[in-house]
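Structure below is input-v6.cif: mmCIF, N, CA and C atoms.
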data_start
loop_
_atom_site.label_atom_id
_atom_site.label_comp_id
_atom_site.auth_asym_id
_atom_site.auth_seq_id
_atom_site.Cartn_x
_atom_site.Cartn_y
_atom_site.Cartn_z
N MET A 1 -29.32 -21.02 19.89
CA MET A 1 -28.19 -20.16 20.13
C MET A 1 -28.62 -18.70 19.98
N ARG A 2 -28.12 -17.87 20.84
CA ARG A 2 -28.45 -16.44 20.86
C ARG A 2 -27.83 -15.72 19.67
N ASP A 3 -28.51 -14.70 19.16
CA ASP A 3 -27.98 -13.86 18.09
C ASP A 3 -27.47 -12.55 18.68
N TYR A 4 -26.44 -12.00 18.04
CA TYR A 4 -25.81 -10.77 18.51
C TYR A 4 -25.59 -9.81 17.36
N ASP A 5 -25.58 -8.54 17.68
CA ASP A 5 -25.11 -7.50 16.77
C ASP A 5 -23.69 -7.17 17.22
N ILE A 6 -22.74 -7.18 16.30
CA ILE A 6 -21.35 -6.90 16.67
C ILE A 6 -20.84 -5.74 15.83
N GLN A 7 -20.38 -4.71 16.51
CA GLN A 7 -19.81 -3.53 15.88
C GLN A 7 -18.34 -3.42 16.23
N LEU A 8 -17.54 -2.97 15.28
CA LEU A 8 -16.11 -2.73 15.49
C LEU A 8 -15.88 -1.23 15.32
N GLU A 9 -15.20 -0.63 16.27
CA GLU A 9 -14.96 0.81 16.24
C GLU A 9 -13.47 1.09 16.37
N ILE A 10 -12.97 2.00 15.55
CA ILE A 10 -11.58 2.43 15.71
C ILE A 10 -11.54 3.27 16.99
N PHE A 11 -10.92 2.73 18.02
CA PHE A 11 -10.88 3.35 19.34
C PHE A 11 -9.65 4.24 19.50
N GLU A 12 -8.53 3.81 18.96
CA GLU A 12 -7.29 4.58 18.94
C GLU A 12 -6.61 4.33 17.61
N GLY A 13 -5.91 5.31 17.11
CA GLY A 13 -5.15 5.11 15.88
C GLY A 13 -4.67 6.43 15.32
N ASN A 14 -3.62 6.36 14.54
CA ASN A 14 -3.04 7.53 13.92
C ASN A 14 -3.22 7.43 12.41
N PRO A 15 -4.18 8.19 11.83
CA PRO A 15 -4.40 8.13 10.39
C PRO A 15 -3.41 8.96 9.60
N GLY A 16 -2.58 9.73 10.29
CA GLY A 16 -1.62 10.59 9.60
C GLY A 16 -2.29 11.79 8.96
N THR A 17 -1.47 12.68 8.48
CA THR A 17 -1.95 13.88 7.80
C THR A 17 -1.31 13.94 6.42
N PRO A 18 -2.14 14.05 5.39
CA PRO A 18 -1.58 14.12 4.04
C PRO A 18 -0.63 15.31 3.90
N HIS A 19 0.46 15.09 3.21
CA HIS A 19 1.42 16.17 2.95
C HIS A 19 0.96 16.95 1.73
N THR A 20 1.10 18.24 1.77
CA THR A 20 0.66 19.08 0.66
C THR A 20 1.57 18.96 -0.56
N ASP A 21 2.78 18.42 -0.38
CA ASP A 21 3.72 18.29 -1.50
C ASP A 21 3.60 16.95 -2.22
N GLY A 22 2.60 16.13 -1.84
CA GLY A 22 2.39 14.86 -2.51
C GLY A 22 3.21 13.70 -1.97
N THR A 23 4.07 13.96 -1.00
CA THR A 23 4.84 12.88 -0.39
C THR A 23 4.03 12.25 0.73
N TYR A 24 4.52 11.14 1.24
CA TYR A 24 3.84 10.43 2.31
C TYR A 24 4.63 10.53 3.61
N PRO A 25 3.95 10.38 4.74
CA PRO A 25 4.68 10.39 6.01
C PRO A 25 5.57 9.16 6.13
N ASP A 26 6.51 9.21 7.04
CA ASP A 26 7.31 8.03 7.37
C ASP A 26 6.43 7.21 8.31
N PHE A 27 5.68 6.27 7.75
CA PHE A 27 4.66 5.53 8.50
C PHE A 27 5.21 4.91 9.77
N ALA A 28 6.32 4.21 9.68
CA ALA A 28 6.87 3.52 10.85
C ALA A 28 7.36 4.51 11.90
N ARG A 29 8.08 5.52 11.49
CA ARG A 29 8.63 6.48 12.46
C ARG A 29 7.54 7.31 13.14
N GLU A 30 6.50 7.65 12.39
CA GLU A 30 5.43 8.50 12.92
C GLU A 30 4.28 7.69 13.52
N GLY A 31 4.34 6.36 13.43
CA GLY A 31 3.28 5.52 13.98
C GLY A 31 1.97 5.64 13.23
N VAL A 32 2.05 5.96 11.95
CA VAL A 32 0.85 6.12 11.14
C VAL A 32 0.41 4.75 10.63
N CYS A 33 -0.86 4.47 10.74
CA CYS A 33 -1.43 3.23 10.25
C CYS A 33 -1.71 3.40 8.75
N ALA A 34 -1.02 2.61 7.92
CA ALA A 34 -1.20 2.72 6.47
C ALA A 34 -2.63 2.38 6.05
N TRP A 35 -3.28 1.48 6.77
CA TRP A 35 -4.67 1.13 6.45
C TRP A 35 -5.59 2.31 6.69
N MET A 36 -5.33 3.08 7.74
CA MET A 36 -6.17 4.23 8.09
C MET A 36 -5.82 5.47 7.28
N TYR A 37 -4.59 5.53 6.77
CA TYR A 37 -4.04 6.75 6.22
C TYR A 37 -5.01 7.52 5.32
N ASP A 38 -5.28 8.73 5.73
CA ASP A 38 -6.03 9.70 4.94
C ASP A 38 -7.43 9.25 4.53
N ARG A 39 -8.01 8.25 5.24
CA ARG A 39 -9.38 7.86 4.89
C ARG A 39 -10.23 7.46 6.08
N LEU A 40 -9.60 7.02 7.16
CA LEU A 40 -10.35 6.59 8.33
C LEU A 40 -9.91 7.40 9.54
N LYS A 41 -10.75 7.38 10.56
CA LYS A 41 -10.41 8.14 11.78
C LYS A 41 -10.96 7.42 13.00
N VAL A 42 -10.46 7.83 14.14
CA VAL A 42 -10.98 7.31 15.41
C VAL A 42 -12.48 7.60 15.44
N GLY A 43 -13.24 6.59 15.84
CA GLY A 43 -14.69 6.71 15.91
C GLY A 43 -15.41 6.05 14.73
N ASP A 44 -14.70 5.78 13.64
CA ASP A 44 -15.33 5.08 12.52
C ASP A 44 -15.73 3.68 12.96
N THR A 45 -16.88 3.20 12.47
CA THR A 45 -17.39 1.89 12.87
C THR A 45 -17.60 0.99 11.66
N PHE A 46 -17.57 -0.30 11.95
CA PHE A 46 -17.77 -1.34 10.95
C PHE A 46 -18.68 -2.39 11.57
N HIS A 47 -19.55 -2.97 10.76
CA HIS A 47 -20.45 -4.01 11.24
C HIS A 47 -19.83 -5.38 10.92
N TYR A 48 -19.81 -6.24 11.92
CA TYR A 48 -19.29 -7.60 11.74
C TYR A 48 -20.46 -8.54 11.50
N PRO A 49 -20.40 -9.41 10.51
CA PRO A 49 -19.29 -9.73 9.63
C PRO A 49 -19.32 -8.99 8.29
N ASP A 50 -20.36 -8.19 8.04
CA ASP A 50 -20.56 -7.57 6.73
C ASP A 50 -19.38 -6.74 6.24
N ASP A 51 -18.75 -5.99 7.12
CA ASP A 51 -17.70 -5.05 6.73
C ASP A 51 -16.29 -5.60 6.93
N LEU A 52 -16.15 -6.87 7.21
CA LEU A 52 -14.84 -7.45 7.51
C LEU A 52 -13.84 -7.22 6.37
N GLY A 53 -14.29 -7.24 5.14
CA GLY A 53 -13.41 -7.03 4.00
C GLY A 53 -12.84 -5.63 3.91
N GLN A 54 -13.38 -4.69 4.67
CA GLN A 54 -12.87 -3.32 4.68
C GLN A 54 -11.72 -3.14 5.67
N LEU A 55 -11.46 -4.16 6.47
CA LEU A 55 -10.44 -4.06 7.50
C LEU A 55 -9.10 -4.60 7.01
N CYS A 56 -8.04 -4.11 7.63
CA CYS A 56 -6.68 -4.56 7.34
C CYS A 56 -6.58 -6.05 7.69
N PRO A 57 -5.98 -6.87 6.81
CA PRO A 57 -5.87 -8.31 7.09
C PRO A 57 -5.10 -8.62 8.37
N TRP A 58 -4.08 -7.84 8.71
CA TRP A 58 -3.34 -8.06 9.97
C TRP A 58 -4.27 -7.83 11.15
N LEU A 59 -5.07 -6.78 11.07
CA LEU A 59 -6.00 -6.47 12.14
C LEU A 59 -7.06 -7.55 12.26
N VAL A 60 -7.58 -8.00 11.14
CA VAL A 60 -8.59 -9.08 11.16
C VAL A 60 -8.03 -10.32 11.85
N ASP A 61 -6.77 -10.64 11.56
CA ASP A 61 -6.16 -11.80 12.20
C ASP A 61 -6.12 -11.63 13.72
N SER A 62 -5.83 -10.43 14.18
CA SER A 62 -5.81 -10.18 15.62
C SER A 62 -7.20 -10.25 16.24
N LEU A 63 -8.21 -9.87 15.48
CA LEU A 63 -9.58 -9.84 15.98
C LEU A 63 -10.26 -11.20 16.00
N THR A 64 -9.81 -12.11 15.15
CA THR A 64 -10.54 -13.35 14.90
C THR A 64 -10.86 -14.15 16.16
N GLY A 65 -9.91 -14.38 17.03
CA GLY A 65 -10.17 -15.16 18.24
C GLY A 65 -11.23 -14.52 19.13
N MET A 66 -11.12 -13.22 19.33
CA MET A 66 -12.11 -12.51 20.16
C MET A 66 -13.48 -12.56 19.52
N LEU A 67 -13.53 -12.34 18.21
CA LEU A 67 -14.82 -12.36 17.51
C LEU A 67 -15.48 -13.73 17.61
N ARG A 68 -14.71 -14.79 17.45
CA ARG A 68 -15.27 -16.15 17.55
C ARG A 68 -15.87 -16.39 18.93
N ALA A 69 -15.14 -16.00 19.95
CA ALA A 69 -15.65 -16.17 21.32
C ALA A 69 -16.92 -15.36 21.52
N LEU A 70 -16.90 -14.10 21.14
CA LEU A 70 -18.05 -13.22 21.38
C LEU A 70 -19.28 -13.62 20.56
N GLU A 71 -19.09 -13.98 19.30
CA GLU A 71 -20.24 -14.32 18.47
C GLU A 71 -20.90 -15.63 18.90
N ASN A 72 -20.16 -16.43 19.68
CA ASN A 72 -20.70 -17.69 20.19
C ASN A 72 -21.11 -17.60 21.66
N GLY A 73 -21.28 -16.38 22.16
CA GLY A 73 -21.80 -16.18 23.50
C GLY A 73 -20.76 -16.11 24.60
N GLY A 74 -19.49 -16.27 24.25
CA GLY A 74 -18.44 -16.24 25.26
C GLY A 74 -18.09 -14.84 25.72
N THR A 75 -17.42 -14.78 26.84
CA THR A 75 -16.87 -13.52 27.34
C THR A 75 -15.45 -13.81 27.82
N LEU A 76 -14.65 -12.80 27.85
CA LEU A 76 -13.27 -12.92 28.32
C LEU A 76 -13.19 -12.21 29.66
N PRO A 77 -12.64 -12.85 30.68
CA PRO A 77 -12.80 -12.38 32.06
C PRO A 77 -12.02 -11.14 32.47
N TRP A 78 -10.96 -10.79 31.77
CA TRP A 78 -10.19 -9.62 32.23
C TRP A 78 -11.00 -8.35 31.98
N ARG A 79 -10.83 -7.38 32.89
CA ARG A 79 -11.68 -6.19 32.85
C ARG A 79 -10.95 -4.89 32.57
N TYR A 80 -9.63 -4.85 32.77
CA TYR A 80 -8.84 -3.62 32.61
C TYR A 80 -9.36 -2.49 33.51
N ARG A 81 -9.75 -2.84 34.72
CA ARG A 81 -10.33 -1.85 35.65
C ARG A 81 -9.40 -0.65 35.83
N GLY A 82 -10.01 0.51 35.84
CA GLY A 82 -9.29 1.74 36.07
C GLY A 82 -8.51 2.25 34.87
N THR A 83 -8.71 1.64 33.69
CA THR A 83 -8.03 2.11 32.49
C THR A 83 -9.07 2.58 31.47
N ARG A 84 -8.61 3.20 30.42
CA ARG A 84 -9.56 3.63 29.39
C ARG A 84 -10.12 2.46 28.60
N TYR A 85 -9.58 1.25 28.85
CA TYR A 85 -10.05 0.04 28.18
C TYR A 85 -10.96 -0.79 29.08
N GLU A 86 -11.45 -0.20 30.16
CA GLU A 86 -12.32 -0.95 31.07
C GLU A 86 -13.53 -1.48 30.31
N LYS A 87 -13.80 -2.76 30.49
CA LYS A 87 -14.82 -3.44 29.72
C LYS A 87 -16.16 -3.49 30.42
N VAL A 88 -17.16 -3.76 29.60
CA VAL A 88 -18.50 -4.09 30.07
C VAL A 88 -18.70 -5.55 29.73
N ILE A 89 -19.17 -6.32 30.69
CA ILE A 89 -19.46 -7.74 30.42
C ILE A 89 -20.88 -8.03 30.90
N ASP A 90 -21.78 -8.24 29.94
CA ASP A 90 -23.16 -8.60 30.23
C ASP A 90 -23.64 -9.56 29.14
N PRO A 91 -23.60 -10.86 29.40
CA PRO A 91 -23.98 -11.84 28.39
C PRO A 91 -25.39 -11.63 27.82
N ASP A 92 -26.27 -10.98 28.57
CA ASP A 92 -27.63 -10.75 28.11
C ASP A 92 -27.85 -9.34 27.60
N GLY A 93 -26.79 -8.55 27.51
CA GLY A 93 -26.89 -7.17 27.06
C GLY A 93 -25.71 -6.80 26.20
N VAL A 94 -24.93 -5.83 26.70
CA VAL A 94 -23.77 -5.34 25.95
C VAL A 94 -22.48 -5.84 26.59
N THR A 95 -21.58 -6.34 25.75
CA THR A 95 -20.25 -6.76 26.18
C THR A 95 -19.25 -6.07 25.25
N THR A 96 -18.15 -5.56 25.83
CA THR A 96 -17.13 -4.92 25.01
C THR A 96 -15.79 -5.62 25.19
N GLU A 97 -14.95 -5.47 24.19
CA GLU A 97 -13.59 -6.02 24.21
C GLU A 97 -12.71 -5.09 23.40
N PHE A 98 -11.43 -5.06 23.71
CA PHE A 98 -10.48 -4.22 23.00
C PHE A 98 -9.36 -5.09 22.43
N VAL A 99 -8.97 -4.79 21.19
CA VAL A 99 -7.93 -5.56 20.50
C VAL A 99 -6.97 -4.60 19.83
N ARG A 100 -5.67 -4.89 19.97
CA ARG A 100 -4.62 -4.09 19.33
C ARG A 100 -4.17 -4.71 18.01
N CYS A 101 -3.74 -3.85 17.13
CA CYS A 101 -3.11 -4.28 15.88
C CYS A 101 -1.76 -4.89 16.22
N PRO A 102 -1.33 -5.92 15.47
CA PRO A 102 -0.04 -6.54 15.77
C PRO A 102 1.17 -5.74 15.27
N ASP A 103 0.97 -4.69 14.48
CA ASP A 103 2.09 -3.90 13.97
C ASP A 103 2.72 -3.13 15.14
N PRO A 104 3.96 -3.40 15.48
CA PRO A 104 4.57 -2.75 16.65
C PRO A 104 4.83 -1.26 16.47
N ASN A 105 4.74 -0.75 15.24
CA ASN A 105 4.96 0.67 15.00
C ASN A 105 3.68 1.49 15.10
N VAL A 106 2.55 0.82 15.21
CA VAL A 106 1.26 1.50 15.16
C VAL A 106 0.51 1.30 16.46
N ASN A 107 -0.10 2.35 16.95
CA ASN A 107 -0.96 2.24 18.12
C ASN A 107 -2.41 2.27 17.64
N LEU A 108 -2.89 1.11 17.19
CA LEU A 108 -4.25 0.99 16.68
C LEU A 108 -5.01 0.03 17.59
N VAL A 109 -6.12 0.51 18.14
CA VAL A 109 -6.96 -0.31 19.02
C VAL A 109 -8.38 -0.29 18.47
N ILE A 110 -8.95 -1.47 18.39
CA ILE A 110 -10.34 -1.62 17.96
C ILE A 110 -11.18 -2.01 19.17
N LYS A 111 -12.32 -1.37 19.31
CA LYS A 111 -13.28 -1.72 20.36
C LYS A 111 -14.37 -2.57 19.69
N ILE A 112 -14.57 -3.75 20.25
CA ILE A 112 -15.65 -4.63 19.79
C ILE A 112 -16.81 -4.44 20.75
N THR A 113 -17.98 -4.19 20.20
CA THR A 113 -19.20 -4.08 21.04
C THR A 113 -20.19 -5.13 20.55
N ARG A 114 -20.48 -6.07 21.44
CA ARG A 114 -21.46 -7.11 21.15
C ARG A 114 -22.72 -6.80 21.91
N THR A 115 -23.84 -6.75 21.19
CA THR A 115 -25.14 -6.48 21.82
C THR A 115 -26.04 -7.68 21.58
N ALA A 116 -26.55 -8.26 22.66
CA ALA A 116 -27.46 -9.40 22.55
C ALA A 116 -28.78 -8.92 21.95
N LEU A 117 -29.25 -9.65 20.94
CA LEU A 117 -30.54 -9.33 20.33
C LEU A 117 -31.65 -10.04 21.09
N PRO A 118 -32.86 -9.47 21.07
CA PRO A 118 -33.97 -10.12 21.77
C PRO A 118 -34.19 -11.54 21.25
N GLU A 119 -34.52 -12.43 22.20
CA GLU A 119 -34.75 -13.83 21.81
C GLU A 119 -36.14 -14.00 21.24
#
Would you encode the structure as structure tokens?
Amino acid sequence: MRDYDIQLEIFEGNPGTPHTDGTYPDFAREGVCAWMYDRLKVGDTFHYPDDLGQLCPWLVDSLTGMLRALENGGTLPWRYRGTRYEKVIDPDGVTTEFVRCPDPNVNLVIKITRTALPE
């Protein structure tokens, strides 16, 4: 079985802005991700599976099916052509996938990048 390097990147998300008076934003109304709040930002990356414990459990649940498919050599056929989520699918190179957080108040998207390692 082929080995892969899998990286997870925060592709979209609202980490919010800390209030100077010590109060917190209205997370639901402002679409702020409580997991990201004041510590993470778009572009931050995590290595799978080593950093899985650093991710929000709701997000991990959404990622699990895609990760299982990708880590076992699978690809998902939809491409999202013409959108900012357009994928790369190369079983012998780099394959990408995008997954949304299930929280309906948050616009959080993770980009999964799977890179095939040399055999």
Problem set entry | Using only C-alpha atoms: which of A:Asn107, A:Thr64, A:Thr113, A:Asn72 has the shortest distance to A:Val94 | A:Thr113
Exercise. Got a sec to tell me which of chain A DSSP assigns to helix (DSSP H, G or I), as number ranges by chain?
Worked result: A: 27-30, 52-54, 57-71
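Here atom CA of A:Gly31 is placed at a distance of 13.3 Å from atom C of A:Arg100.
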Problem set entry | Long-range neighbours of A:Thr96 as a PyMOL selection string, 7 Å cut-off, all atoms listed in the file, 2 positions minimum in chain | chain A and resi 86-90+94+98+111-114
Mind dumping the selected residues with N, CA and C atoms as a CSV table (one decimal), in the frame of the given file?
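So out-v5.csv came out as:
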chain,number,residue,atom,x,y,z
A,86,GLU,N,-11.4,-0.2,30.2
A,86,GLU,CA,-12.3,-1.0,31.1
A,86,GLU,C,-13.5,-1.5,30.3
A,87,LYS,N,-13.8,-2.8,30.5
A,87,LYS,CA,-14.8,-3.4,29.7
A,87,LYS,C,-16.2,-3.5,30.4
A,88,VAL,N,-17.2,-3.8,29.6
A,88,VAL,CA,-18.5,-4.1,30.1
A,88,VAL,C,-18.7,-5.6,29.7
A,89,ILE,N,-19.2,-6.3,30.7
A,89,ILE,CA,-19.5,-7.7,30.4
A,89,ILE,C,-20.9,-8.0,30.9
A,90,ASP,N,-21.8,-8.2,29.9
A,90,ASP,CA,-23.2,-8.6,30.2
A,90,ASP,C,-23.6,-9.6,29.1
A,94,VAL,N,-24.9,-5.8,26.7
A,94,VAL,CA,-23.8,-5.3,26.0
A,94,VAL,C,-22.5,-5.8,26.6
A,98,PHE,N,-11.4,-5.1,23.7
A,98,PHE,CA,-10.5,-4.2,23.0
A,98,PHE,C,-9.4,-5.1,22.4
A,111,LYS,N,-12.3,-1.4,19.3
A,111,LYS,CA,-13.3,-1.7,20.4
A,111,LYS,C,-14.4,-2.6,19.7
A,112,ILE,N,-14.6,-3.8,20.2
A,112,ILE,CA,-15.6,-4.6,19.8
A,112,ILE,C,-16.8,-4.4,20.8
A,113,THR,N,-18.0,-4.2,20.2
A,113,THR,CA,-19.2,-4.1,21.0
A,113,THR,C,-20.2,-5.1,20.6
A,114,ARG,N,-20.5,-6.1,21.4
A,114,ARG,CA,-21.5,-7.1,21.2
A,114,ARG,C,-22.7,-6.8,21.9
Exercise. By how many Å are atom C of A:Thr45 and atom N of A:Gly22 apart?
Worked result: 28.6 Å
For this session: Quick one: apply the PyMOL selection byres (((chain A and resi 34 and name CA) around 10) and name CA) to the file and drop the selected residues here as a ChimeraX atom specification.
Result: /A:14-16,25,27-28,31-33,35-39,56,106
Print the selection's residues with N, CA and C atoms to a file, as an mmCIF file, in the frame of the given file.
data_model
loop_
_atom_site.group_PDB
_atom_site.id
_atom_site.type_symbol
_atom_site.label_atom_id
_atom_site.label_comp_id
_atom_site.auth_asym_id
_atom_site.auth_seq_id
_atom_site.Cartn_x
_atom_site.Cartn_y
_atom_site.Cartn_z
ATOM 1 N N ASN A 14 -3.620 6.360 14.540
ATOM 2 C CA ASN A 14 -3.040 7.530 13.920
ATOM 3 C C ASN A 14 -3.220 7.430 12.410
ATOM 4 N N PRO A 15 -4.180 8.190 11.830
ATOM 5 C CA PRO A 15 -4.400 8.130 10.390
ATOM 6 C C PRO A 15 -3.410 8.960 9.600
ATOM 7 N N GLY A 16 -2.580 9.730 10.290
ATOM 8 C CA GLY A 16 -1.620 10.590 9.600
ATOM 9 C C GLY A 16 -2.290 11.790 8.960
ATOM 10 N N PRO A 25 3.950 10.380 4.740
ATOM 11 C CA PRO A 25 4.680 10.390 6.010
ATOM 12 C C PRO A 25 5.570 9.160 6.130
ATOM 13 N N PHE A 27 5.680 6.270 7.750
ATOM 14 C CA PHE A 27 4.660 5.530 8.500
ATOM 15 C C PHE A 27 5.210 4.910 9.770
ATOM 16 N N ALA A 28 6.320 4.210 9.680
ATOM 17 C CA ALA A 28 6.870 3.520 10.850
ATOM 18 C C ALA A 28 7.360 4.510 11.900
ATOM 19 N N GLY A 31 4.340 6.360 13.430
ATOM 20 C CA GLY A 31 3.280 5.520 13.980
ATOM 21 C C GLY A 31 1.970 5.640 13.230
ATOM 22 N N VAL A 32 2.050 5.960 11.950
ATOM 23 C CA VAL A 32 0.850 6.120 11.140
ATOM 24 C C VAL A 32 0.410 4.750 10.630
ATOM 25 N N CYS A 33 -0.860 4.470 10.740
ATOM 26 C CA CYS A 33 -1.430 3.230 10.250
ATOM 27 C C CYS A 33 -1.710 3.400 8.750
ATOM 28 N N TRP A 35 -3.280 1.480 6.770
ATOM 29 C CA TRP A 35 -4.670 1.130 6.450
ATOM 30 C C TRP A 35 -5.590 2.310 6.690
ATOM 31 N N MET A 36 -5.330 3.080 7.740
ATOM 32 C CA MET A 36 -6.170 4.230 8.090
ATOM 33 C C MET A 36 -5.820 5.470 7.280
ATOM 34 N N TYR A 37 -4.590 5.530 6.770
ATOM 35 C CA TYR A 37 -4.040 6.750 6.220
ATOM 36 C C TYR A 37 -5.010 7.520 5.320
ATOM 37 N N ASP A 38 -5.280 8.730 5.730
ATOM 38 C CA ASP A 38 -6.030 9.700 4.940
ATOM 39 C C ASP A 38 -7.430 9.250 4.530
ATOM 40 N N ARG A 39 -8.010 8.250 5.240
ATOM 41 C CA ARG A 39 -9.380 7.860 4.890
ATOM 42 C C ARG A 39 -10.230 7.460 6.080
ATOM 43 N N CYS A 56 -8.040 -4.110 7.630
ATOM 44 C CA CYS A 56 -6.680 -4.560 7.340
ATOM 45 C C CYS A 56 -6.580 -6.050 7.690
ATOM 46 N N VAL A 106 2.550 0.820 15.210
ATOM 47 C CA VAL A 106 1.260 1.500 15.160
ATOM 48 C C VAL A 106 0.510 1.300 16.460
#
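Nearest to A:Val42 of all the residues A:Arg29, A:Ile10, A:Met66, A:Asp5 is A:Ile10, based on only C-alpha atoms.
The coordinates place atom C of A:Asp103 at 24.4 Å from atom N of A:Pro49.
Note that DSSP on the backbone gives strand (DSSP E or B) to these residues of chain A: Tyr4, Asp5, Ile6, Gln7, Leu8, Glu9, Ile10, Phe11, Glu12, Thr45, Phe46, His47, Tyr48, Val94, Thr95, Thr96, Glu97, Phe98, Val99, Arg100, Val109, Ile110, Lys111, Ile112, Thr113, Arg114, Thr115 and Ala116 of chain A.
Minimum atom-to-atom distance to A:Leu63, evaluated using only N, CA and C atoms, belongs to A:Cys101 out of A:Glu119, A:His19, A:Phe11, A:Cys101.
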Exercise. Which residues match the PyMOL selection byres ((chain A and resi 4) around 7) in the file above, as a list in words?
Worked result: Arg2, Asp3, Asp5, Ile6, Glu71, Arg114, Thr115, Ala116 and Leu117 of chain A
For this session: Show which residues sit within 8 Å of A:Pro91, as a PyMOL selection string. Count only C-alpha atoms, and ignore same-chain residues fewer than 6 positions away.
Result: chain A and resi 73-75+116
Mind rebuilding stretch 32-38 of chain A with all heavy atoms and writing that out as a CSV table (one decimal), keeping the file's coordinate frame?
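This went into part-v4.csv:
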chain,number,residue,atom,x,y,z
A,32,VAL,N,2.0,6.0,12.0
A,32,VAL,CA,0.8,6.1,11.1
A,32,VAL,C,0.4,4.8,10.6
A,32,VAL,O,1.2,4.0,10.1
A,32,VAL,CB,1.1,7.1,9.9
A,32,VAL,CG1,-0.1,7.1,9.0
A,32,VAL,CG2,1.5,8.5,10.4
A,33,CYS,N,-0.9,4.5,10.7
A,33,CYS,CA,-1.4,3.2,10.2
A,33,CYS,C,-1.7,3.4,8.8
A,33,CYS,O,-2.5,4.2,8.4
A,33,CYS,CB,-2.7,2.9,11.0
A,33,CYS,SG,-3.6,1.5,10.3
A,34,ALA,N,-1.0,2.6,7.9
A,34,ALA,CA,-1.2,2.7,6.5
A,34,ALA,C,-2.6,2.4,6.0
A,34,ALA,O,-3.1,2.9,5.1
A,34,ALA,CB,-0.2,1.8,5.8
A,35,TRP,N,-3.3,1.5,6.8
A,35,TRP,CA,-4.7,1.1,6.4
A,35,TRP,C,-5.6,2.3,6.7
A,35,TRP,O,-6.5,2.6,5.9
A,35,TRP,CB,-5.1,-0.1,7.3
A,35,TRP,CG,-6.5,-0.4,7.3
A,35,TRP,CD1,-7.3,-0.8,6.3
A,35,TRP,CD2,-7.4,-0.2,8.4
A,35,TRP,NE1,-8.6,-0.9,6.6
A,35,TRP,CE2,-8.7,-0.6,8.0
A,35,TRP,CE3,-7.3,0.1,9.7
A,35,TRP,CZ2,-9.8,-0.6,8.8
A,35,TRP,CZ3,-8.4,0.1,10.6
A,35,TRP,CH2,-9.6,-0.2,10.1
A,36,MET,N,-5.3,3.1,7.7
A,36,MET,CA,-6.2,4.2,8.1
A,36,MET,C,-5.8,5.5,7.3
A,36,MET,O,-6.6,6.4,7.1
A,36,MET,CB,-6.0,4.6,9.6
A,36,MET,CG,-6.6,3.6,10.5
A,36,MET,SD,-6.4,4.2,12.3
A,36,MET,CE,-7.3,5.7,12.4
A,37,TYR,N,-4.6,5.5,6.8
A,37,TYR,CA,-4.0,6.8,6.2
A,37,TYR,C,-5.0,7.5,5.3
A,37,TYR,O,-5.5,7.0,4.3
A,37,TYR,CB,-2.7,6.5,5.4
A,37,TYR,CG,-2.1,7.7,4.9
A,37,TYR,CD1,-1.6,8.7,5.7
A,37,TYR,CD2,-2.1,7.9,3.5
A,37,TYR,CE1,-1.1,9.9,5.2
A,37,TYR,CE2,-1.5,9.1,3.0
A,37,TYR,CZ,-1.0,10.0,3.8
A,37,TYR,OH,-0.5,11.2,3.3
A,38,ASP,N,-5.3,8.7,5.7
A,38,ASP,CA,-6.0,9.7,4.9
A,38,ASP,C,-7.4,9.2,4.5
A,38,ASP,O,-8.0,9.8,3.6
A,38,ASP,CB,-5.2,10.1,3.7
A,38,ASP,CG,-5.8,11.3,3.0
A,38,ASP,OD1,-6.4,12.2,3.7
A,38,ASP,OD2,-5.6,11.4,1.8
